[in-house]
Amino acid sequence: MRLLDDPAGYWADLTTAEKGVLAVSLAFAAFLFVALLTGRLGASYFMFLVGLAGMYGLLSFGLNAQWGFTGLINFSVAAFFGVGAYGTALMTADSSPVAGGFSPVAGLATALVVALVLALLIGIPTLRLRADYLAIASLGLAEVVRLVVLNERQWTNGSAGLRGIPGFFDGWPVLGTFPEAMPGLRIEVIPGSPVLLETPFWQSALNVLLVVTFAAVAYLVLRRAHRSPWGRVLRTIRSDEDLARALGKNTYSFKMQSFVLGSLIMALAGVFYAHLNLYVGPGDLDPITTFYVWVAVILGGSGSNRGALFGGIVVVAIREGTRFMGDLPIAVDAAPLRLLLIGLLIVVVMRFRPQGILPPQRELIWPSAVEDERAPQRPESGVRERKDGDSDE
Amino acid sequence: MSENPELLPKEDVVLRVDDLQKAFGGLQATDHATFEVERGTITGLIGPNGAGKSTIFNLISGFYEPDGGTVTVGETDVTGMEPYQVAERGLIRTFQTPRKLEGMTVREAMLVGPRNQPGESFLSLFTSPGSVGEAESKNLADAQRILEEFEIDHLATQPATDISGGQMKLVELARAMLAEPEILLLDEPVAGVNPTLAKKLEEQIRRLNEQGTTFLLIEHDMEFVMNLADPVIVLDQGHVLTEGSPEEVRNDERVIEAYLGGGA
């Protein structure tokens, strides 16, 4: 790890934007930590927020794999999210009219298969056409999926939604009983405001474990793919599809792979959400989710996985942070303010930094090839020589 | 395939266009065009504006589907194939106005060139990262070598969006070479390129041709074509008007008439 070996060199190698993001993130983390210690922020609510941030991170990763990599305009993020959530809920929930009671792992598999089928259904007719057609079709798809879920009550319970979804780890050895088995902890750093870590906290911690696992897997897969010749073809398609075709790339197939990959990651976020919230309803398919995720990706920097994650966290921070606006002495309701703030943010970013806050900044060549290339002239010692080879994005 | 006794298959023909037709509405853009490109030549395709040169390029490379006639690359009939399938048969083309690849360095843009890279399979990235890395190392070294031969290796790590249009044309040609084409179709390689770079492009095309690459090029710059190409094919209103050495074409009255706008 560069960061641990040579923190000063690591810092010096960062771009201004990276330094800014790192500083803001650290400051924000410190702020949350203080809020935790003083008891202003409940420990289990904090973990819930982390879970939510991870979920938005996943959704942004998914959209980034479509829009950021390949330039595919997908306006049905909420639909793939919803298909993921309903896919697992219908398999696992007590109240499922279809097939309740299965293990969440079966739910996960079902959700991914349904998302795959949906992605193929919408991709096959539109991905041969110009980018605009996918945009239009996906806009329609989102609404179709929402209305089917709302109206086909014999399959989905309609507007009542699905209750009684088990936690993802329920029934697993060790992890299934982990929240109850953990002793309640009472940490008192500041006298008079103890931090209580009890069963709900450990339950949330498990959820965080789940979403961090999903997000880490998605991130590692996307990072490798982004730097590869595969990712390079996608980026070529984004700039000039005809060029990619003229160079012998089957662009339809590449676009389909990118679309399916992104859709599966979005469904993963939905699976997590169902087991976090333990309830899903048609309201979870509202197009506002699509809008939030687009904001996150554009804000973070289209094409950048780190940017997508960062954008996702910012959106959650605003979404949840505005809940506390009520505490402030201003006579505005929090909900409209939330949209106003996000709207304002996106205008400011587009005006002053249209490429996003953390756009992909470095050359994307398969890492081992770059190392091979510089191997002969590599100096004997020093950590800085890996400057480019070790870079992300 | 239409029967044409004059066009018996020759062994050294890389590209054969036989009786190709394409209409856009009422406009016959390609009107029973027939010609061949022999291996090892630099064949020029000229003609007045609107003669259908670009249409023919798009028909050959699979971007348009012909109304009739056939296109054969080597031994394979590629009529109606997708552009990527035509490219897989070794026919690579460039574009009049290359778009710059956003967010890529010049050498990254070069690395899109090689065909059938193992790293273009998503699964291989995880099942056999070793072979992906090996191929990438080889391609990177090849890209560097070709950039050096083109004397533009100093641009390798520049953002592709920062180089000039003329340099981009050189990069495009260099990238096309990484695809190891059987035949390379160049669409106006020196349009909008300053004379120094145009000279350089000419030298490069000549050098690559001497090393065995076959070229078919469209170009408006007469001097450029007449210097470089032999034979030259003249198109007018979608059909082949005449074909021959630069000398013959230059002195052909029909060609002069077509260019001066007569005959209509």
# chains A, B, ... in the order shown; residues from 1 in each chain; ligands from 1
>>> select_by_dssp(residues="region 95-274 of chain A", states="alpha helix (DSSP H)", output="VMD selection string")
chain A and resid 104 to 126 131 to 151 153 to 156 178 to 181 199 to 227 229 to 239 241 to 246 251 to 274
>>> interface_residues(of="chain B", to="chain A", cutoff="8 Å", atoms="only C-alpha atoms", output="PyMOL selection string")
chain B and resi 61+83-88+92-95+99-105+108+111-113+115+117+119-122+125+133-134+136-137+140-141+176+179
>>> write_last_selection(atoms="C-alpha atoms", output="compact mmCIF listing (two decimals), in the first residue's frame")
# COMPACT_ATOMS: atom_id res chain seq x y z
CA SER B 61 -16.59 -1.58 -45.52
CA PRO B 83 -18.41 -3.61 -40.64
CA TYR B 84 -16.63 -5.50 -37.87
CA GLN B 85 -16.92 -8.73 -39.88
CA VAL B 86 -15.44 -7.04 -42.93
CA ALA B 87 -12.62 -5.73 -40.73
CA GLU B 88 -12.05 -9.24 -39.39
CA ILE B 92 -9.55 -1.79 -42.48
CA ARG B 93 -10.74 1.72 -43.26
CA THR B 94 -10.15 5.20 -41.92
CA PHE B 95 -12.52 8.14 -41.85
CA ARG B 99 -13.14 11.85 -34.06
CA LYS B 100 -10.70 12.11 -31.20
CA LEU B 101 -11.05 9.59 -28.46
CA GLU B 102 -11.98 11.47 -25.35
CA GLY B 103 -10.00 10.78 -22.23
CA MET B 104 -7.43 8.58 -23.94
CA THR B 105 -3.76 9.15 -24.52
CA GLU B 108 -4.27 4.19 -25.64
CA LEU B 111 -4.15 0.14 -28.65
CA VAL B 112 -7.72 -0.04 -29.95
CA GLY B 113 -6.16 -1.08 -33.26
CA ARG B 115 -7.63 -7.21 -33.81
CA GLN B 117 -7.09 -9.07 -28.39
CA GLY B 119 -8.36 -8.81 -23.27
CA GLU B 120 -11.42 -7.91 -25.30
CA SER B 121 -13.21 -10.90 -23.83
CA PHE B 122 -14.74 -9.92 -20.50
CA LEU B 125 -9.97 -10.66 -17.78
CA GLY B 133 -1.21 -8.98 -19.86
CA GLU B 134 1.14 -10.68 -22.33
CA GLU B 136 -1.16 -6.05 -23.91
CA SER B 137 2.62 -5.86 -23.42
CA LEU B 140 2.03 -1.72 -26.34
CA ALA B 141 5.52 -2.47 -27.68
CA ALA B 176 -4.80 1.01 -38.73
CA ALA B 179 -4.79 -4.03 -37.14
>>> select_by_dssp(residues="region 25-268 of chain A", states="strand (DSSP E or B)", output="PDB file with C-alpha atoms, in the first residue's frame")
ATOM      1  CA  LEU A 162     -44.049  -7.237   0.431  1.00  0.00           C
ATOM      2  CA  LEU A 185     -21.486  -2.433  24.569  1.00  0.00           C
ATOM      3  CA  ARG A 186     -21.530   0.919  26.275  1.00  0.00           C
ATOM      4  CA  ILE A 187     -18.731   3.218  25.252  1.00  0.00           C
ATOM      5  CA  VAL A 195     -22.569   5.368  22.753  1.00  0.00           C
ATOM      6  CA  LEU A 196     -24.666   2.207  22.928  1.00  0.00           C
ATOM      7  CA  LEU A 197     -23.815  -0.701  20.677  1.00  0.00           C
TER       8      LEU A 197
END
>>> closest_residue(among="A:Leu72, A:Ala17, A:Val117, A:Ala205", to="Ser138 (chain A)", atoms="only C-alpha atoms")
A:Leu72
>>> residues_around(residues="Gly356 (chain A)", least_positions_apart="3", cutoff="9 Å", atoms="only C-alpha atoms", output="PyMOL selection string")
chain A and resi 297-302+307+349-350+353+359
>>> write_last_selection(atoms="C-alpha atoms", output="PDB file, in the first residue's frame")
ATOM      1  CA  VAL A 297     -22.520   9.662 -11.666  1.00  0.00           C
ATOM      2  CA  ILE A 298     -22.352  13.049 -13.384  1.00  0.00           C
ATOM      3  CA  LEU A 299     -21.291  14.739 -10.192  1.00  0.00           C
ATOM      4  CA  GLY A 300     -18.570  12.191  -9.524  1.00  0.00           C
ATOM      5  CA  GLY A 301     -17.284  12.226 -13.103  1.00  0.00           C
ATOM      6  CA  SER A 302     -18.684   9.986 -15.823  1.00  0.00           C
ATOM      7  CA  GLY A 307     -16.166   9.302  -8.899  1.00  0.00           C
ATOM      8  CA  VAL A 349     -20.817  21.321 -11.062  1.00  0.00           C
ATOM      9  CA  MET A 350     -21.887  21.543 -14.716  1.00  0.00           C
ATOM     10  CA  ARG A 353     -16.483  21.402 -13.707  1.00  0.00           C
ATOM     11  CA  PRO A 359     -13.103  12.289 -13.747  1.00  0.00           C
TER      12      PRO A 359
END
>>> closest_residue(among="A:Ala78, A:Val98, A:Gln355, A:Val21", to="Leu139 (chain A)", atoms="only C-alpha atoms")
A:Ala78
>>> residues_around(residues="Ala198 (chain B)", least_positions_apart="4", cutoff="9 Å", atoms="only C-alpha atoms", output="ChimeraX atom specification")
/B:166,189-191,193-194,202-203,224
>>> residues_around(residues="region 46-59 of chain B", least_positions_apart="2", cutoff="8 Å", atoms="only C-alpha atoms", output="list in words")
Ala29, Thr30, Gly44, Ser61, Gly62, Phe63, Tyr64, Glu65, Pro66, Leu185, Asp187, Ile218, Glu219, His220, Val232, Ile233, Val234, Leu235, Asp236, Gln237, Gly238, His239, Ala258 and Tyr259 of chain B
